[in-house]
$ cat start.pdb   # PDB, C-alpha atoms and all ligand atoms
ATOM      1  CA  MET A   1       9.179 -79.440 150.210
ATOM      2  CA  HIS A   2      11.658 -76.965 148.800
ATOM      3  CA  ASN A   3      10.858 -73.316 149.168
ATOM      4  CA  HIS A   4      11.921 -71.695 145.935
ATOM      5  CA  ASP A   5      10.057 -68.455 146.545
ATOM      6  CA  ASN A   6      12.817 -65.882 146.802
ATOM      7  CA  THR A   7      10.576 -62.963 145.909
ATOM      8  CA  SER A   8       8.562 -62.961 149.104
ATOM      9  CA  PRO A   9       9.478 -59.860 151.182
ATOM     10  CA  ASP A  10       9.371 -61.815 154.443
ATOM     11  CA  ARG A  11      11.714 -64.613 153.389
ATOM     12  CA  ALA A  12      14.098 -65.581 156.145
ATOM     13  CA  MET A  13      17.480 -65.290 154.446
ATOM     14  CA  THR A  14      19.630 -64.355 151.505
ATOM     15  CA  LEU A  15      21.695 -67.145 149.936
ATOM     16  CA  LEU A  16      24.785 -66.433 147.861
ATOM     17  CA  VAL A  17      26.721 -69.296 146.292
ATOM     18  CA  GLN A  18      30.408 -68.723 145.651
ATOM     19  CA  LEU A  19      32.216 -70.825 143.098
ATOM     20  CA  SER A  20      35.850 -70.209 142.245
ATOM     21  CA  ASP A  21      38.515 -71.241 139.788
ATOM     22  CA  PRO A  22      36.733 -73.620 137.396
ATOM     23  CA  HIS A  23      39.591 -73.150 134.841
ATOM     24  CA  ILE A  24      37.489 -74.140 131.845
ATOM     25  CA  ARG A  25      39.284 -75.056 128.610
ATOM     26  CA  GLU A  26      38.078 -75.550 125.059
ATOM     27  CA  PRO A  27      35.866 -78.679 124.761
ATOM     28  CA  GLY A  28      38.049 -81.791 124.837
ATOM     29  CA  LYS A  29      41.192 -79.990 126.029
ATOM     30  CA  LEU A  30      42.835 -80.998 129.299
ATOM     31  CA  ALA A  31      44.152 -78.493 131.826
ATOM     32  CA  TYR A  32      47.845 -79.068 132.601
ATOM     33  CA  GLY A  33      47.735 -82.028 130.202
ATOM     34  CA  ARG A  34      45.872 -84.048 132.787
ATOM     35  CA  ILE A  35      42.454 -82.860 133.983
ATOM     36  CA  HIS A  36      39.123 -82.363 132.250
ATOM     37  CA  THR A  37      37.835 -79.404 134.266
ATOM     38  CA  ALA A  38      34.459 -79.217 132.471
ATOM     39  CA  PRO A  39      32.806 -82.293 134.081
ATOM     40  CA  TYR A  40      33.921 -81.001 137.466
ATOM     41  CA  LEU A  41      32.147 -77.688 136.911
ATOM     42  CA  ALA A  42      29.091 -79.564 135.619
ATOM     43  CA  GLN A  43      29.132 -81.595 138.844
ATOM     44  CA  ALA A  44      29.255 -78.426 140.993
ATOM     45  CA  VAL A  45      26.415 -76.837 139.007
ATOM     46  CA  ASP A  46      24.397 -80.002 139.485
ATOM     47  CA  SER A  47      25.092 -79.945 143.259
ATOM     48  CA  ILE A  48      23.972 -76.310 143.445
ATOM     49  CA  GLY A  49      20.785 -77.197 141.574
ATOM     50  CA  ARG A  50      20.027 -79.883 144.161
ATOM     51  CA  LEU A  51      20.485 -77.606 147.217
ATOM     52  CA  PRO A  52      17.329 -77.731 149.377
ATOM     53  CA  GLN A  53      17.086 -73.931 149.238
ATOM     54  CA  ARG A  54      17.440 -72.171 145.926
ATOM     55  CA  PRO A  55      20.298 -69.588 146.047
ATOM     56  CA  ASP A  56      19.472 -65.954 145.254
ATOM     57  CA  ALA A  57      22.628 -65.598 143.160
ATOM     58  CA  ILE A  58      26.006 -67.098 142.293
ATOM     59  CA  VAL A  59      29.337 -65.320 142.127
ATOM     60  CA  ILE A  60      32.389 -66.934 140.515
ATOM     61  CA  THR A  61      35.553 -65.425 141.983
ATOM     62  CA  GLY A  62      37.887 -65.689 138.997
ATOM     63  CA  ASP A  63      39.949 -68.096 136.926
ATOM     64  CA  LEU A  64      36.781 -68.792 134.987
ATOM     65  CA  THR A  65      38.940 -70.120 132.175
ATOM     66  CA  ASP A  66      42.540 -71.270 131.902
ATOM     67  CA  PHE A  67      43.756 -68.930 129.151
ATOM     68  CA  GLY A  68      41.002 -66.306 128.716
ATOM     69  CA  ARG A  69      40.169 -67.473 125.181
ATOM     70  CA  ALA A  70      36.815 -67.000 123.438
ATOM     71  CA  ALA A  71      36.294 -70.754 122.979
ATOM     72  CA  GLU A  72      36.905 -71.301 126.687
ATOM     73  CA  TYR A  73      34.337 -68.650 127.718
ATOM     74  CA  GLU A  74      31.865 -70.136 125.245
ATOM     75  CA  HIS A  75      32.358 -73.550 126.853
ATOM     76  CA  LEU A  76      31.957 -71.975 130.316
ATOM     77  CA  GLN A  77      28.667 -70.421 129.247
ATOM     78  CA  SER A  78      27.259 -73.785 128.147
ATOM     79  CA  LEU A  79      28.370 -75.446 131.404
ATOM     80  CA  LEU A  80      26.611 -72.738 133.453
ATOM     81  CA  ALA A  81      23.403 -72.921 131.387
ATOM     82  CA  PRO A  82      21.707 -75.406 133.774
ATOM     83  CA  LEU A  83      21.632 -72.610 136.383
ATOM     84  CA  GLY A  84      18.797 -71.157 134.314
ATOM     85  CA  ASP A  85      17.695 -67.711 135.443
ATOM     86  CA  MET A  86      19.644 -67.742 138.717
ATOM     87  CA  PRO A  87      21.515 -64.393 138.727
ATOM     88  CA  LEU A  88      25.186 -65.033 137.889
ATOM     89  CA  TYR A  89      28.066 -62.666 138.623
ATOM     90  CA  LEU A  90      31.538 -63.164 137.170
ATOM     91  CA  LEU A  91      34.877 -61.682 138.046
ATOM     92  CA  PRO A  92      38.261 -62.181 136.422
ATOM     93  CA  GLY A  93      41.266 -64.008 137.864
ATOM     94  CA  ASN A  94      44.850 -64.089 136.674
ATOM     95  CA  HIS A  95      43.967 -66.770 134.096
ATOM     96  CA  ASP A  96      41.242 -64.570 132.549
ATOM     97  CA  GLU A  97      41.216 -61.791 129.996
ATOM     98  CA  ARG A  98      38.951 -58.849 130.871
ATOM     99  CA  GLN A  99      37.991 -57.741 127.380
ATOM    100  CA  GLN A 100      37.339 -61.276 126.150
ATOM    101  CA  LEU A 101      35.226 -61.943 129.240
ATOM    102  CA  ARG A 102      33.122 -58.861 128.449
ATOM    103  CA  ALA A 103      32.855 -59.774 124.781
ATOM    104  CA  SER A 104      31.799 -63.342 125.603
ATOM    105  CA  PHE A 105      29.124 -62.319 128.130
ATOM    106  CA  PRO A 106      27.501 -59.268 126.468
ATOM    107  CA  SER A 107      24.290 -59.611 128.496
ATOM    108  CA  HIS A 108      26.305 -59.247 131.726
ATOM    109  CA  THR A 109      26.194 -55.456 131.642
ATOM    110  CA  TYR A 110      27.498 -55.152 135.220
ATOM    111  CA  LEU A 111      30.938 -56.118 133.754
ATOM    112  CA  GLY A 112      31.143 -52.634 132.214
ATOM    113  CA  THR A 113      32.808 -51.880 128.895
ATOM    114  CA  ASP A 114      36.421 -51.069 129.777
ATOM    115  CA  GLY A 115      38.852 -50.643 132.664
ATOM    116  CA  PHE A 116      38.655 -52.699 135.825
ATOM    117  CA  VAL A 117      35.815 -55.172 136.384
ATOM    118  CA  GLN A 118      34.485 -53.747 139.666
ATOM    119  CA  TYR A 119      30.788 -53.596 140.446
ATOM    120  CA  SER A 120      28.291 -53.445 143.278
ATOM    121  CA  VAL A 121      24.956 -55.268 143.141
ATOM    122  CA  PRO A 122      22.210 -55.919 145.669
ATOM    123  CA  ILE A 123      21.485 -59.604 146.341
ATOM    124  CA  GLY A 124      18.507 -59.966 148.654
ATOM    125  CA  GLY A 125      19.476 -58.383 151.956
ATOM    126  CA  LEU A 126      23.177 -57.964 151.183
ATOM    127  CA  GLN A 127      25.339 -55.934 148.828
ATOM    128  CA  LEU A 128      27.960 -57.742 146.745
ATOM    129  CA  VAL A 129      30.924 -55.457 146.013
ATOM    130  CA  THR A 130      33.675 -56.832 143.768
ATOM    131  CA  LEU A 131      37.320 -55.910 143.286
ATOM    132  CA  ASP A 132      39.472 -56.601 140.231
ATOM    133  CA  THR A 133      42.909 -57.791 141.419
ATOM    134  CA  VAL A 134      44.220 -58.704 137.969
ATOM    135  CA  THR A 135      47.503 -57.398 136.587
ATOM    136  CA  PRO A 136      47.370 -58.308 132.875
ATOM    137  CA  GLY A 137      50.070 -60.776 131.882
ATOM    138  CA  ALA A 138      51.019 -61.561 135.500
ATOM    139  CA  SER A 139      50.020 -64.329 137.911
ATOM    140  CA  GLU A 140      50.275 -62.114 140.981
ATOM    141  CA  GLY A 141      47.574 -59.600 141.839
ATOM    142  CA  SER A 142      47.450 -55.937 142.742
ATOM    143  CA  LEU A 143      45.081 -53.219 143.936
ATOM    144  CA  CYS A 144      46.065 -49.727 142.822
ATOM    145  CA  GLN A 145      44.784 -46.471 144.322
ATOM    146  CA  GLN A 146      42.078 -46.167 141.663
ATOM    147  CA  ARG A 147      40.551 -49.531 142.571
ATOM    148  CA  LEU A 148      40.832 -48.850 146.312
ATOM    149  CA  ASP A 149      39.273 -45.375 145.973
ATOM    150  CA  TRP A 150      36.319 -46.863 144.113
ATOM    151  CA  LEU A 151      35.862 -49.437 146.890
ATOM    152  CA  GLU A 152      35.997 -46.828 149.628
ATOM    153  CA  ALA A 153      33.380 -44.660 147.897
ATOM    154  CA  GLU A 154      31.145 -47.688 147.378
ATOM    155  CA  LEU A 155      31.507 -48.876 150.985
ATOM    156  CA  ASP A 156      30.547 -45.390 152.090
ATOM    157  CA  ARG A 157      27.359 -45.599 150.011
ATOM    158  CA  GLN A 158      26.537 -49.064 151.408
ATOM    159  CA  ARG A 159      27.455 -48.398 155.042
ATOM    160  CA  HIS A 160      23.997 -49.238 156.391
ATOM    161  CA  LYS A 161      23.797 -52.638 154.709
ATOM    162  CA  PRO A 162      25.645 -55.969 155.138
ATOM    163  CA  VAL A 163      28.396 -56.108 152.501
ATOM    164  CA  VAL A 164      30.302 -59.032 151.008
ATOM    165  CA  ILE A 165      33.486 -58.081 149.148
ATOM    166  CA  ALA A 166      34.493 -60.566 146.421
ATOM    167  CA  MET A 167      37.925 -60.674 144.781
ATOM    168  CA  HIS A 168      40.203 -63.246 143.141
ATOM    169  CA  HIS A 169      43.580 -62.924 144.903
ATOM    170  CA  PRO A 170      43.187 -63.145 148.709
ATOM    171  CA  PRO A 171      44.621 -60.129 150.567
ATOM    172  CA  PHE A 172      46.502 -62.277 153.097
ATOM    173  CA  GLN A 173      49.454 -64.616 153.439
ATOM    174  CA  THR A 174      48.432 -68.273 153.115
ATOM    175  CA  LEU A 175      51.824 -69.841 154.045
ATOM    176  CA  ILE A 176      51.724 -71.828 150.799
ATOM    177  CA  GLY A 177      54.979 -70.348 149.512
ATOM    178  CA  HIS A 178      54.544 -70.653 145.763
ATOM    179  CA  MET A 179      51.013 -69.190 145.999
ATOM    180  CA  ASP A 180      52.070 -66.320 148.273
ATOM    181  CA  ARG A 181      54.697 -65.410 145.684
ATOM    182  CA  ILE A 182      51.816 -64.899 143.226
ATOM    183  CA  GLY A 183      49.430 -63.438 145.823
ATOM    184  CA  LEU A 184      48.077 -59.906 146.151
ATOM    185  CA  LEU A 185      51.495 -58.231 146.147
ATOM    186  CA  THR A 186      50.216 -54.629 146.155
ATOM    187  CA  GLY A 187      47.373 -52.994 148.053
ATOM    188  CA  ALA A 188      46.540 -55.626 150.701
ATOM    189  CA  GLN A 189      47.445 -53.409 153.680
ATOM    190  CA  GLU A 190      45.604 -50.442 152.214
ATOM    191  CA  LEU A 191      42.566 -52.661 151.635
ATOM    192  CA  GLU A 192      42.685 -53.871 155.225
ATOM    193  CA  SER A 193      42.649 -50.334 156.609
ATOM    194  CA  ILE A 194      39.628 -49.451 154.439
ATOM    195  CA  VAL A 195      37.726 -52.598 155.448
ATOM    196  CA  ALA A 196      38.498 -51.912 159.130
ATOM    197  CA  ARG A 197      36.509 -48.654 158.873
ATOM    198  CA  TYR A 198      33.326 -50.476 157.767
ATOM    199  CA  PRO A 199      32.109 -52.975 160.375
ATOM    200  CA  ASN A 200      29.190 -53.842 158.065
ATOM    201  CA  VAL A 201      31.625 -55.802 155.832
ATOM    202  CA  GLU A 202      30.517 -59.322 156.721
ATOM    203  CA  ARG A 203      33.119 -61.190 154.691
ATOM    204  CA  VAL A 204      35.894 -60.847 152.096
ATOM    205  CA  ILE A 205      35.481 -63.854 149.786
ATOM    206  CA  CYS A 206      38.317 -64.899 147.485
ATOM    207  CA  GLY A 207      39.590 -67.609 145.164
ATOM    208  CA  HIS A 208      43.032 -68.265 143.635
ATOM    209  CA  LEU A 209      44.164 -70.728 146.325
ATOM    210  CA  HIS A 210      42.015 -73.742 145.371
ATOM    211  CA  ARG A 211      41.713 -74.508 149.095
ATOM    212  CA  SER A 212      39.578 -73.481 152.079
ATOM    213  CA  ILE A 213      41.519 -70.918 154.159
ATOM    214  CA  GLN A 214      40.244 -68.331 156.704
ATOM    215  CA  VAL A 215      42.120 -65.368 158.162
ATOM    216  CA  ARG A 216      41.163 -62.457 160.453
ATOM    217  CA  PHE A 217      41.283 -59.339 158.274
ATOM    218  CA  GLY A 218      40.357 -55.730 159.047
ATOM    219  CA  GLY A 219      37.875 -56.759 161.736
ATOM    220  CA  THR A 220      36.109 -59.262 159.495
ATOM    221  CA  ILE A 221      36.920 -62.686 158.025
ATOM    222  CA  ALA A 222      38.685 -63.106 154.703
ATOM    223  CA  ALA A 223      38.530 -66.554 153.144
ATOM    224  CA  THR A 224      39.330 -68.612 150.083
ATOM    225  CA  ILE A 225      37.434 -71.685 148.905
ATOM    226  CA  PRO A 226      38.224 -74.889 146.993
ATOM    227  CA  SER A 227      37.914 -75.161 143.235
ATOM    228  CA  PRO A 228      35.129 -77.274 141.717
ATOM    229  CA  ALA A 229      37.990 -79.150 139.976
ATOM    230  CA  HIS A 230      41.624 -79.386 141.153
ATOM    231  CA  GLN A 231      43.065 -78.232 144.498
ATOM    232  CA  VAL A 232      46.464 -76.779 145.421
ATOM    233  CA  CYS A 233      48.505 -79.183 147.578
ATOM    234  CA  LEU A 234      48.514 -78.459 151.317
ATOM    235  CA  ASP A 235      52.220 -77.975 151.991
ATOM    236  CA  LEU A 236      53.408 -75.054 154.127
ATOM    237  CA  ALA A 237      57.110 -75.498 153.384
ATOM    238  CA  PRO A 238      58.263 -72.169 151.898
ATOM    239  CA  ASP A 239      59.895 -73.979 148.985
ATOM    240  CA  ALA A 240      57.109 -76.556 148.446
ATOM    241  CA  ALA A 241      56.595 -77.538 144.824
ATOM    242  CA  SER A 242      53.863 -75.765 142.890
ATOM    243  CA  ALA A 243      51.499 -78.697 142.417
ATOM    244  CA  TRP A 244      47.835 -79.680 142.391
ATOM    245  CA  THR A 245      45.838 -82.653 143.559
ATOM    246  CA  LEU A 246      42.386 -84.156 143.089
ATOM    247  CA  GLU A 247      41.229 -83.723 146.691
ATOM    248  CA  PRO A 248      37.430 -83.415 147.024
ATOM    249  CA  PRO A 249      36.147 -80.308 145.230
ATOM    250  CA  GLY A 250      33.660 -77.802 146.586
ATOM    251  CA  TYR A 251      32.110 -74.361 146.760
ATOM    252  CA  ALA A 252      30.660 -72.059 149.434
ATOM    253  CA  LEU A 253      27.111 -71.207 150.461
ATOM    254  CA  HIS A 254      26.982 -67.836 152.234
ATOM    255  CA  ALA A 255      23.700 -67.349 154.102
ATOM    256  CA  LEU A 256      22.487 -64.097 155.623
ATOM    257  CA  PRO A 257      19.459 -64.442 157.882
ATOM    258  CA  THR A 258      17.428 -61.235 158.061
ATOM    259  CA  GLY A 259      18.942 -59.024 160.764
ATOM    260  CA  GLY A 260      21.650 -61.615 161.477
ATOM    261  CA  ARG A 261      25.278 -62.367 160.668
ATOM    262  CA  LEU A 262      26.616 -63.971 157.518
ATOM    263  CA  VAL A 263      27.084 -67.733 157.949
ATOM    264  CA  SER A 264      29.471 -69.361 155.459
ATOM    265  CA  HIS A 265      29.167 -73.054 154.734
ATOM    266  CA  LEU A 266      31.670 -75.010 152.689
ATOM    267  CA  ALA A 267      29.836 -77.500 150.472
ATOM    268  CA  ALA A 268      31.323 -80.568 148.793
ATOM    269  CA  SER A 269      30.299 -80.901 145.164
ATOM    270  CA  GLY A 270      29.368 -84.353 143.976
ATOM    271  CA  THR A 271      26.874 -87.058 144.797
ATOM    272  CA  PHE A 272      27.167 -88.824 148.116
ATOM    273  CA  GLU A 273      25.303 -91.583 149.935
ATOM    274  CA  GLY A 274      22.501 -90.493 152.261
ATOM    275  CA  PRO A 275      20.729 -88.717 153.830
ATOM    276  CA  PHE A 276      20.265 -91.251 156.664
ATOM    277  CA  PRO A 277      18.324 -90.638 159.928
ATOM    278  CA  PHE A 278      20.008 -90.255 163.349
ATOM    279  CA  HIS A 279      16.853 -91.360 165.207
ATOM    280  CA  GLU A 280      14.248 -94.087 164.956
ATOM    281  CA  GLY A 281      11.075 -94.147 167.040
ATOM    282  CA  GLY A 282      12.256 -90.987 168.834
ATOM    283  CA  LYS A 283      15.524 -92.653 169.949
ATOM    284  CA  LEU A 284      19.105 -92.395 168.766
ATOM    285  CA  ILE A 285      19.850 -95.428 166.633
ATOM    286  CA  ASP A 286      21.995 -97.814 168.723
TER
HETATM  287 FE    FE B   1      42.957 -70.738 139.888
END

$ encode --input "start.pdb" --output "structure tokens" --more "lines below"
Ligand SMILES: [Fe+2]
Amino acid sequence: MHNHDNTSPDRAMTLLVQLSDPHIREPGKLAYGRIHTAPYLAQAVDSIGRLPQRPDAIVITGDLTDFGRAAEYEHLQSLLAPLGDMPLYLLPGNHDERQQLRASFPSHTYLGTDGFVQYSVPIGGLQLVTLDTVTPGASEGSLCQQRLDWLEAELDRQRHKPVVIAMHHPPFQTLIGHMDRIGLLTGAQELESIVARYPNVERVICGHLHRSIQVRFGGTIAATIPSPAHQVCLDLAPDAASAWTLEPPGYALHALPTGGRLVSHLAASGTFEGPFPFHEGGKLID
């Protein structure tokens, strides 16, 4: 039986799903002339709906759309509708447009009305704190003093609680040359020294890379996750071509047991054969 009671005060854990980089286009339009990203997002949403434990919330770490257009956000909204009343948090990536995002999701008041899209919300036993790494009109990201100061003040307020920081551009080198050239080019070192002062930061969760990558960062773990659609090719040659592939898509399930440490699982989205038992009659099947 599935326990969908997330309101009980003695529940064992907080579950946060992270999706990233769905790159939704207008209905019927292909991304890069080749891929229908919408069915891929629908598949991820379906996978999330079939998780044995119902997540407390979902955060999408940017590149919600491909060009930040109203028709793309409208399409995104309809693809996310099956999530029902599961709390949904959005943040912009370099393919998004802040003001259009706000205009398209007016009920998402945490997005604010102007300036950077940075917010802090409680999700069960953890605090989700987001950073806006977007530089309008550019693919690379940045964190200016204003954004970093806001983070530091917020981390100070939340210093007695487990914190997950979410942002689009990862604050570390990935060794995928063409992606590092459009990485977080300003503010990564400053961010690391802030994070290092708050040992309650359980994770820094990011997107942008369309791959699963983990790096030690400021005394915690910073990580990127796959896209629910297309992935960036795994090629560490500095001059590797900027290209994508249809490797298996996925998302992350971050689980915080009460009083414990954050455990991050990478989940494949899709339908797969199984489950099958390991044992029969109390013995390992031979
Ligand atoms: Fe992306």

$ closest_residue --input "start.pdb" --among "A:Gln53, A:Thr271, A:Ser227, A:Ser104" --to "ligand FE 1 (chain B)" --atoms "only C-alpha atoms and all ligand atoms"
A:Ser227

$ axis_aligned_box --input "start.pdb" --around "region 78-90 of chain A" --padding-each-side "4 Å" --output "JSON"
{"center_x": 24.6, "center_y": -69.1, "center_z": 133.4, "size_x": 21.8, "size_y": 20.8, "size_z": 18.6}

$ residues_near_ligand --input "start.pdb" --ligand "ligand FE 1 (chain B)" --cutoff "12 Å" --atoms "all atoms listed in the file" --output "PyMOL selection string"
chain A and resi 19-24+31+37+60-67+92-96+139-140+168-170+179+182-183+206-211+224-232+243-244

$ write_last_selection --input "start.pdb" --atoms "C-alpha atoms" --output "PDB file, in the frame of the given file"
ATOM      1  CA  LEU A  19      32.216 -70.825 143.098  1.00  0.00           C
ATOM      2  CA  SER A  20      35.850 -70.209 142.245  1.00  0.00           C
ATOM      3  CA  ASP A  21      38.515 -71.241 139.788  1.00  0.00           C
ATOM      4  CA  PRO A  22      36.733 -73.620 137.396  1.00  0.00           C
ATOM      5  CA  HIS A  23      39.591 -73.150 134.841  1.00  0.00           C
ATOM      6  CA  ILE A  24      37.489 -74.140 131.845  1.00  0.00           C
ATOM      7  CA  ALA A  31      44.152 -78.493 131.826  1.00  0.00           C
ATOM      8  CA  THR A  37      37.835 -79.404 134.266  1.00  0.00           C
ATOM      9  CA  ILE A  60      32.389 -66.934 140.515  1.00  0.00           C
ATOM     10  CA  THR A  61      35.553 -65.425 141.983  1.00  0.00           C
ATOM     11  CA  GLY A  62      37.887 -65.689 138.997  1.00  0.00           C
ATOM     12  CA  ASP A  63      39.949 -68.096 136.926  1.00  0.00           C
ATOM     13  CA  LEU A  64      36.781 -68.792 134.987  1.00  0.00           C
ATOM     14  CA  THR A  65      38.940 -70.120 132.175  1.00  0.00           C
ATOM     15  CA  ASP A  66      42.540 -71.270 131.902  1.00  0.00           C
ATOM     16  CA  PHE A  67      43.756 -68.930 129.151  1.00  0.00           C
ATOM     17  CA  PRO A  92      38.261 -62.181 136.422  1.00  0.00           C
ATOM     18  CA  GLY A  93      41.266 -64.008 137.864  1.00  0.00           C
ATOM     19  CA  ASN A  94      44.850 -64.089 136.674  1.00  0.00           C
ATOM     20  CA  HIS A  95      43.967 -66.770 134.096  1.00  0.00           C
ATOM     21  CA  ASP A  96      41.242 -64.570 132.549  1.00  0.00           C
ATOM     22  CA  SER A 139      50.020 -64.329 137.911  1.00  0.00           C
ATOM     23  CA  GLU A 140      50.275 -62.114 140.981  1.00  0.00           C
ATOM     24  CA  HIS A 168      40.203 -63.246 143.141  1.00  0.00           C
ATOM     25  CA  HIS A 169      43.580 -62.924 144.903  1.00  0.00           C
ATOM     26  CA  PRO A 170      43.187 -63.145 148.709  1.00  0.00           C
ATOM     27  CA  MET A 179      51.013 -69.190 145.999  1.00  0.00           C
ATOM     28  CA  ILE A 182      51.816 -64.899 143.226  1.00  0.00           C
ATOM     29  CA  GLY A 183      49.430 -63.438 145.823  1.00  0.00           C
ATOM     30  CA  CYS A 206      38.317 -64.899 147.485  1.00  0.00           C
ATOM     31  CA  GLY A 207      39.590 -67.609 145.164  1.00  0.00           C
ATOM     32  CA  HIS A 208      43.032 -68.265 143.635  1.00  0.00           C
ATOM     33  CA  LEU A 209      44.164 -70.728 146.325  1.00  0.00           C
ATOM     34  CA  HIS A 210      42.015 -73.742 145.371  1.00  0.00           C
ATOM     35  CA  ARG A 211      41.713 -74.508 149.095  1.00  0.00           C
ATOM     36  CA  THR A 224      39.330 -68.612 150.083  1.00  0.00           C
ATOM     37  CA  ILE A 225      37.434 -71.685 148.905  1.00  0.00           C
ATOM     38  CA  PRO A 226      38.224 -74.889 146.993  1.00  0.00           C
ATOM     39  CA  SER A 227      37.914 -75.161 143.235  1.00  0.00           C
ATOM     40  CA  PRO A 228      35.129 -77.274 141.717  1.00  0.00           C
ATOM     41  CA  ALA A 229      37.990 -79.150 139.976  1.00  0.00           C
ATOM     42  CA  HIS A 230      41.624 -79.386 141.153  1.00  0.00           C
ATOM     43  CA  GLN A 231      43.065 -78.232 144.498  1.00  0.00           C
ATOM     44  CA  VAL A 232      46.464 -76.779 145.421  1.00  0.00           C
ATOM     45  CA  ALA A 243      51.499 -78.697 142.417  1.00  0.00           C
ATOM     46  CA  TRP A 244      47.835 -79.680 142.391  1.00  0.00           C
TER      47      TRP A 244
END

$ closest_atom_pairs --input "start.pdb" --of "region 97-211 of chain A" --to "region 235-240 of chain A" --cutoff "8 Å" --atoms "all atoms listed in the file" --output "CSV"
residue,atom,partner,partner_atom,distance
A:Leu175,CA,A:Leu236,CA,5.4
A:Ile176,CA,A:Leu236,CA,4.9
A:Gly177,CA,A:Pro238,CA,4.4
A:His178,CA,A:Ala240,CA,7.0

$ closest_atom_pairs --input "start.pdb" --of "region 201-225 of chain A" --to "region 123-132 of chain A" --cutoff "10 Å" --atoms "all atoms listed in the file" --output "CSV"
residue,atom,partner,partner_atom,distance
A:Val201,CA,A:Gln127,CA,9.4
A:Glu202,CA,A:Leu126,CA,9.3
A:Val204,CA,A:Thr130,CA,9.5
A:Ile205,CA,A:Thr130,CA,9.4
A:Cys206,CA,A:Leu131,CA,10.0

$ residues_around --input "start.pdb" --residues "Arg261 (chain A)" --least-positions-apart "3" --cutoff "10 Å" --atoms "all atoms listed in the file" --output "PyMOL selection string"
chain A and resi 162+200+202-203+255-258+264

$ residues_around --input "start.pdb" --residues "region 185-197 of chain A" --least-positions-apart "4" --cutoff "7 Å" --atoms "only C-alpha atoms" --output "PDB file with C-alpha atoms, in the frame of the given file"
ATOM      1  CA  GLU A 140      50.275 -62.114 140.981  1.00  0.00           C
ATOM      2  CA  GLY A 141      47.574 -59.600 141.839  1.00  0.00           C
ATOM      3  CA  SER A 142      47.450 -55.937 142.742  1.00  0.00           C
ATOM      4  CA  LEU A 143      45.081 -53.219 143.936  1.00  0.00           C
ATOM      5  CA  CYS A 144      46.065 -49.727 142.822  1.00  0.00           C
ATOM      6  CA  LEU A 148      40.832 -48.850 146.312  1.00  0.00           C
ATOM      7  CA  GLU A 152      35.997 -46.828 149.628  1.00  0.00           C
ATOM      8  CA  PRO A 171      44.621 -60.129 150.567  1.00  0.00           C
ATOM      9  CA  VAL A 201      31.625 -55.802 155.832  1.00  0.00           C
ATOM     10  CA  PHE A 217      41.283 -59.339 158.274  1.00  0.00           C
ATOM     11  CA  GLY A 218      40.357 -55.730 159.047  1.00  0.00           C
ATOM     12  CA  GLY A 219      37.875 -56.759 161.736  1.00  0.00           C
TER      13      GLY A 219
END

$ closest_residue --input "start.pdb" --among "A:Gly68, A:Glu74, A:Ser47, A:Leu246" --to "Phe272 (chain A)" --atoms "all atoms listed in the file"
A:Ser47

$ closest_residue --input "start.pdb" --among "A:Pro87, A:Pro55, A:Pro82, A:Gly250" --to "Val17 (chain A)" --atoms "only C-alpha atoms"
A:Pro55

$ resolve_selection --input "start.pdb" --expression "the PyMOL selection byres (((chain A and resi 83) around 10) and not hetatm)" --output "list in words"
Val45, Asp46, Ile48, Gly49, Ala57, Ile58, Leu79, Leu80, Ala81, Pro82, Gly84, Asp85, Met86, Pro87 and Leu88 of chain A

$ atom_distance --input "start.pdb" --atom1 "CA of Tyr251 (chain A)" --atom2 "CA of Ala166 (chain A)"
14.0 Å

$ atom_distance --input "start.pdb" --atom1 "CA of Ala222 (chain A)" --atom2 "CA of Leu15 (chain A)"
18.1 Å

$ resolve_selection --input "start.pdb" --expression "the PyMOL selection byres (((chain A and resi 108) around 12) and not hetatm)" --output "list in words"
Gln77, Pro87, Leu88, Tyr89, Leu90, Leu91, Leu101, Arg102, Ala103, Ser104, Phe105, Pro106, Ser107, Thr109, Tyr110, Leu111, Gly112, Thr113, Val117 and Tyr119 of chain A

$ write_last_selection --input "start.pdb" --atoms "C-alpha atoms" --output "PDB file, in the coordinates of the input"
ATOM      1  CA  GLN A  77      28.667 -70.421 129.247  1.00  0.00           C
ATOM      2  CA  PRO A  87      21.515 -64.393 138.727  1.00  0.00           C
ATOM      3  CA  LEU A  88      25.186 -65.033 137.889  1.00  0.00           C
ATOM      4  CA  TYR A  89      28.066 -62.666 138.623  1.00  0.00           C
ATOM      5  CA  LEU A  90      31.538 -63.164 137.170  1.00  0.00           C
ATOM      6  CA  LEU A  91      34.877 -61.682 138.046  1.00  0.00           C
ATOM      7  CA  LEU A 101      35.226 -61.943 129.240  1.00  0.00           C
ATOM      8  CA  ARG A 102      33.122 -58.861 128.449  1.00  0.00           C
ATOM      9  CA  ALA A 103      32.855 -59.774 124.781  1.00  0.00           C
ATOM     10  CA  SER A 104      31.799 -63.342 125.603  1.00  0.00           C
ATOM     11  CA  PHE A 105      29.124 -62.319 128.130  1.00  0.00           C
ATOM     12  CA  PRO A 106      27.501 -59.268 126.468  1.00  0.00           C
ATOM     13  CA  SER A 107      24.290 -59.611 128.496  1.00  0.00           C
ATOM     14  CA  THR A 109      26.194 -55.456 131.642  1.00  0.00           C
ATOM     15  CA  TYR A 110      27.498 -55.152 135.220  1.00  0.00           C
ATOM     16  CA  LEU A 111      30.938 -56.118 133.754  1.00  0.00           C
ATOM     17  CA  GLY A 112      31.143 -52.634 132.214  1.00  0.00           C
ATOM     18  CA  THR A 113      32.808 -51.880 128.895  1.00  0.00           C
ATOM     19  CA  VAL A 117      35.815 -55.172 136.384  1.00  0.00           C
ATOM     20  CA  TYR A 119      30.788 -53.596 140.446  1.00  0.00           C
TER      21      TYR A 119
END

$ closest_residue --input "start.pdb" --among "A:His36, A:Gly260, A:Val134, A:Leu253" --to "Ala12 (chain A)" --atoms "all atoms listed in the file"
A:Gly260
